[in-house]
Amino acid sequence: MSLDEPSRTEPRARRRGDREPPGQPGHKVVDEVELLEELLAQVVEETQPKAAPWFADMRGRGAIVTGAATGIGRAIAIELARHGASIAFNYLGRNGGISDEAQRTGNELRQLEVTVFSQECDIRDPEAVKVFVSAAQEALGRVDILVNNAGIARDRALWRISDGEWRDVVETNLTGTFNMIREVAPLFRAQQDGKIVNISSIHGLRSEFGLANYAASKAGIMGLTRSAAVELGPSNVNVNAIAPGYIRTTRLTDSVPAEILDRARERSVLGRLGDPQDVANVVLFLCSEQARHITGAVIPVDGGHLL
Ligand code: NDP
């Protein structure tokens, strides 16, 4: 290392405020560090999604969000609650008790001063769904919105998918969504009002290697969405689906290899992965009166990944 080169152990001392005058050793390095810091700050600023800036009045509305303890569901529940909706959400129990995440999400929602109800419920089980929806209705006083968010992935080459992995994914993602819609349909028909949003995936539209069970279940959700829209439309119920691209949740970053995420980032024409808030903003819109004339639609929230 020459004497003019900065030591690798001391670059922080050469930050803003420690600028050396031009012509002095080190001024070039200072400029580069500053430029890099400014660029990074700009990137962070530009990649942070903003909560919906307009006000959708959800006061007095009751919303069920499945799987809202974590990730995208949590962001959806918080966004609806921020606009005044009461929230009921379910979780899968851990050793017979409530998970830490479900507890934390429940506390965050209560801080928004809305009614919050949460209960263990495996959406694959129609009887459990019946009990949950009825308890949610009692706790919130009414149910106007259903967001089917709960879902799982068990990625593997098609010829290696076990019976159990096929069943778990299809029964959670597709049958679970059906169980929930079937249960709220009589309520929504009776009140001649309701909003249903199903969280599908871009992989229901265009698959990749290893996603046979997941892609089939998410494509199934799109067909189910259209059928439900046709059957419930005459009762003034809107049914839509969102097809998120890669969304930065713990589940995604823990389970998907970094190379695949890098490829997804490059493929998105906006050059980034999505954030749970990006999906939550669209759910809020679809549940608002501003979207009253949209039904049976599948809306990609993917940064242009599918283009
Ligand atoms: P998470 O794993 O964080 O959320 C999934 C939630 O579903 C969990 O809270 C889980 O509950 C719940 N859940 C799973 N199985 C059941 C069941 N049988 N009954 C009830 N609840 C269940 O993942 P994400 O937030 O990333 O995903 C949310 C949804 O978005 C999923 O449908 C996923 O397929 C979809 N999606 C996600 C994308 C992404 O990139 N992240 C992209 C496209 C779609 P618990 O924690 O209690 O186990």
# chains A, B, ... in the order shown; residues from 1 in each chain; ligands from 1
call {"tool": "select_by_dssp", "arguments": {"residues": "stretch 171-277 of chain A", "states": "strand (DSSP E or B)", "output": "list in words"}}
result
Gly194, Lys195, Ile196, Val197, Asn198, Ile199, Val237, Asn238, Val239, Asn240, Ala241, Ile242, Ala243, Pro244, Ile247 and Gly274 of chain A
call {"tool": "residues_near_ligand", "arguments": {"ligand": "ligand 1", "cutoff": "6 Å", "atoms": "only C-alpha atoms and all ligand atoms", "output": "ChimeraX atom specification"}}
result
/A:67-73,91-92,121-124,149-152,172,199-201,244-249,251-252
call {"tool": "atom_distance", "arguments": {"atom1": "atom CA of A:Asn148", "atom2": "atom CA of A:Leu224"}}
result
11.9 Å
call {"tool": "atom_distance", "arguments": {"atom1": "atom CA of A:Ala228", "atom2": "atom CA of A:Gly60"}}
result
24.7 Å
call {"tool": "closest_residue", "arguments": {"among": "A:Glu208, A:Glu32, A:Glu120, A:Asp193", "to": "A:Pro234", "atoms": "only C-alpha atoms"}}
result
A:Asp193
call {"tool": "residues_around", "arguments": {"residues": "A:Ala136", "least_positions_apart": "4", "cutoff": "9 Å", "atoms": "only C-alpha atoms", "output": "count of residues only"}}
result
15
call {"tool": "atom_distance", "arguments": {"atom1": "atom CA of A:Asn236", "atom2": "atom CA of A:Gln192"}}
result
5.5 Å
call {"tool": "residues_around", "arguments": {"residues": "A:His203", "least_positions_apart": "5", "cutoff": "9 Å", "atoms": "only C-alpha atoms", "output": "list in words"}}
result
Glu208, Leu211, Tyr214, Ala215, Ala216, Lys218, Ala219, Ala243, Pro244 and Gly245 of chain A
call {"tool": "write_last_selection", "arguments": {"atoms": "N, CA, C and O atoms", "output": "mmCIF file, in the first residue's frame"}}
result
data_model
loop_
_atom_site.group_PDB
_atom_site.id
_atom_site.type_symbol
_atom_site.label_atom_id
_atom_site.label_comp_id
_atom_site.auth_asym_id
_atom_site.auth_seq_id
_atom_site.Cartn_x
_atom_site.Cartn_y
_atom_site.Cartn_z
ATOM 1 N N GLU A 208 -42.038 -20.988 -13.079
ATOM 2 C CA GLU A 208 -40.588 -21.197 -13.161
ATOM 3 C C GLU A 208 -40.318 -22.603 -12.655
ATOM 4 O O GLU A 208 -41.200 -23.236 -12.058
ATOM 5 N N LEU A 211 -41.967 -25.008 -9.318
ATOM 6 C CA LEU A 211 -43.147 -24.374 -8.709
ATOM 7 C C LEU A 211 -44.463 -25.046 -9.094
ATOM 8 O O LEU A 211 -45.517 -24.414 -9.007
ATOM 9 N N TYR A 214 -47.187 -24.857 -6.428
ATOM 10 C CA TYR A 214 -47.476 -23.449 -6.117
ATOM 11 C C TYR A 214 -48.166 -22.771 -7.305
ATOM 12 O O TYR A 214 -49.199 -22.107 -7.157
ATOM 13 N N ALA A 215 -47.595 -22.939 -8.514
ATOM 14 C CA ALA A 215 -48.148 -22.282 -9.705
ATOM 15 C C ALA A 215 -49.574 -22.763 -9.964
ATOM 16 O O ALA A 215 -50.454 -21.964 -10.300
ATOM 17 N N ALA A 216 -49.805 -24.085 -9.793
ATOM 18 C CA ALA A 216 -51.154 -24.618 -10.026
ATOM 19 C C ALA A 216 -52.138 -24.002 -9.031
ATOM 20 O O ALA A 216 -53.250 -23.603 -9.389
ATOM 21 N N LYS A 218 -51.900 -21.126 -7.438
ATOM 22 C CA LYS A 218 -52.091 -19.686 -7.648
ATOM 23 C C LYS A 218 -52.880 -19.408 -8.929
ATOM 24 O O LYS A 218 -53.630 -18.443 -9.011
ATOM 25 N N ALA A 219 -52.692 -20.273 -9.965
ATOM 26 C CA ALA A 219 -53.515 -20.136 -11.175
ATOM 27 C C ALA A 219 -54.959 -20.496 -10.822
ATOM 28 O O ALA A 219 -55.906 -19.856 -11.300
ATOM 29 N N ALA A 243 -51.655 -10.280 -8.133
ATOM 30 C CA ALA A 243 -50.562 -11.204 -8.449
ATOM 31 C C ALA A 243 -49.235 -10.510 -8.125
ATOM 32 O O ALA A 243 -48.667 -9.825 -8.983
ATOM 33 N N PRO A 244 -48.768 -10.673 -6.882
ATOM 34 C CA PRO A 244 -47.500 -10.004 -6.550
ATOM 35 C C PRO A 244 -46.327 -10.689 -7.245
ATOM 36 O O PRO A 244 -46.339 -11.902 -7.470
ATOM 37 N N GLY A 245 -45.322 -9.882 -7.564
ATOM 38 C CA GLY A 245 -44.031 -10.437 -7.987
ATOM 39 C C GLY A 245 -43.252 -10.784 -6.725
ATOM 40 O O GLY A 245 -43.850 -11.061 -5.681
#
call {"tool": "closest_residue", "arguments": {"among": "A:Leu270, A:Leu112, A:Ile98, A:Ala185", "to": "A:Arg82", "atoms": "only C-alpha atoms"}}
result
A:Leu112
call {"tool": "closest_residue", "arguments": {"among": "A:Asp100, A:Glu289, A:Glu138, A:Glu38", "to": "A:Thr115", "atoms": "only C-alpha atoms"}}
result
A:Glu138
call {"tool": "residues_around", "arguments": {"residues": "A:Ile181", "least_positions_apart": "3", "cutoff": "10 Å", "atoms": "only C-alpha atoms", "output": "list in words"}}
result
Val129, Leu146, Val147, Asn148, Thr175, Gly176, Thr177, Phe178, Val184, Ala185, Pro186, Phe188, Ile196, Val197, Asn198, Leu224, Thr225, Ala228 and Val239 of chain A
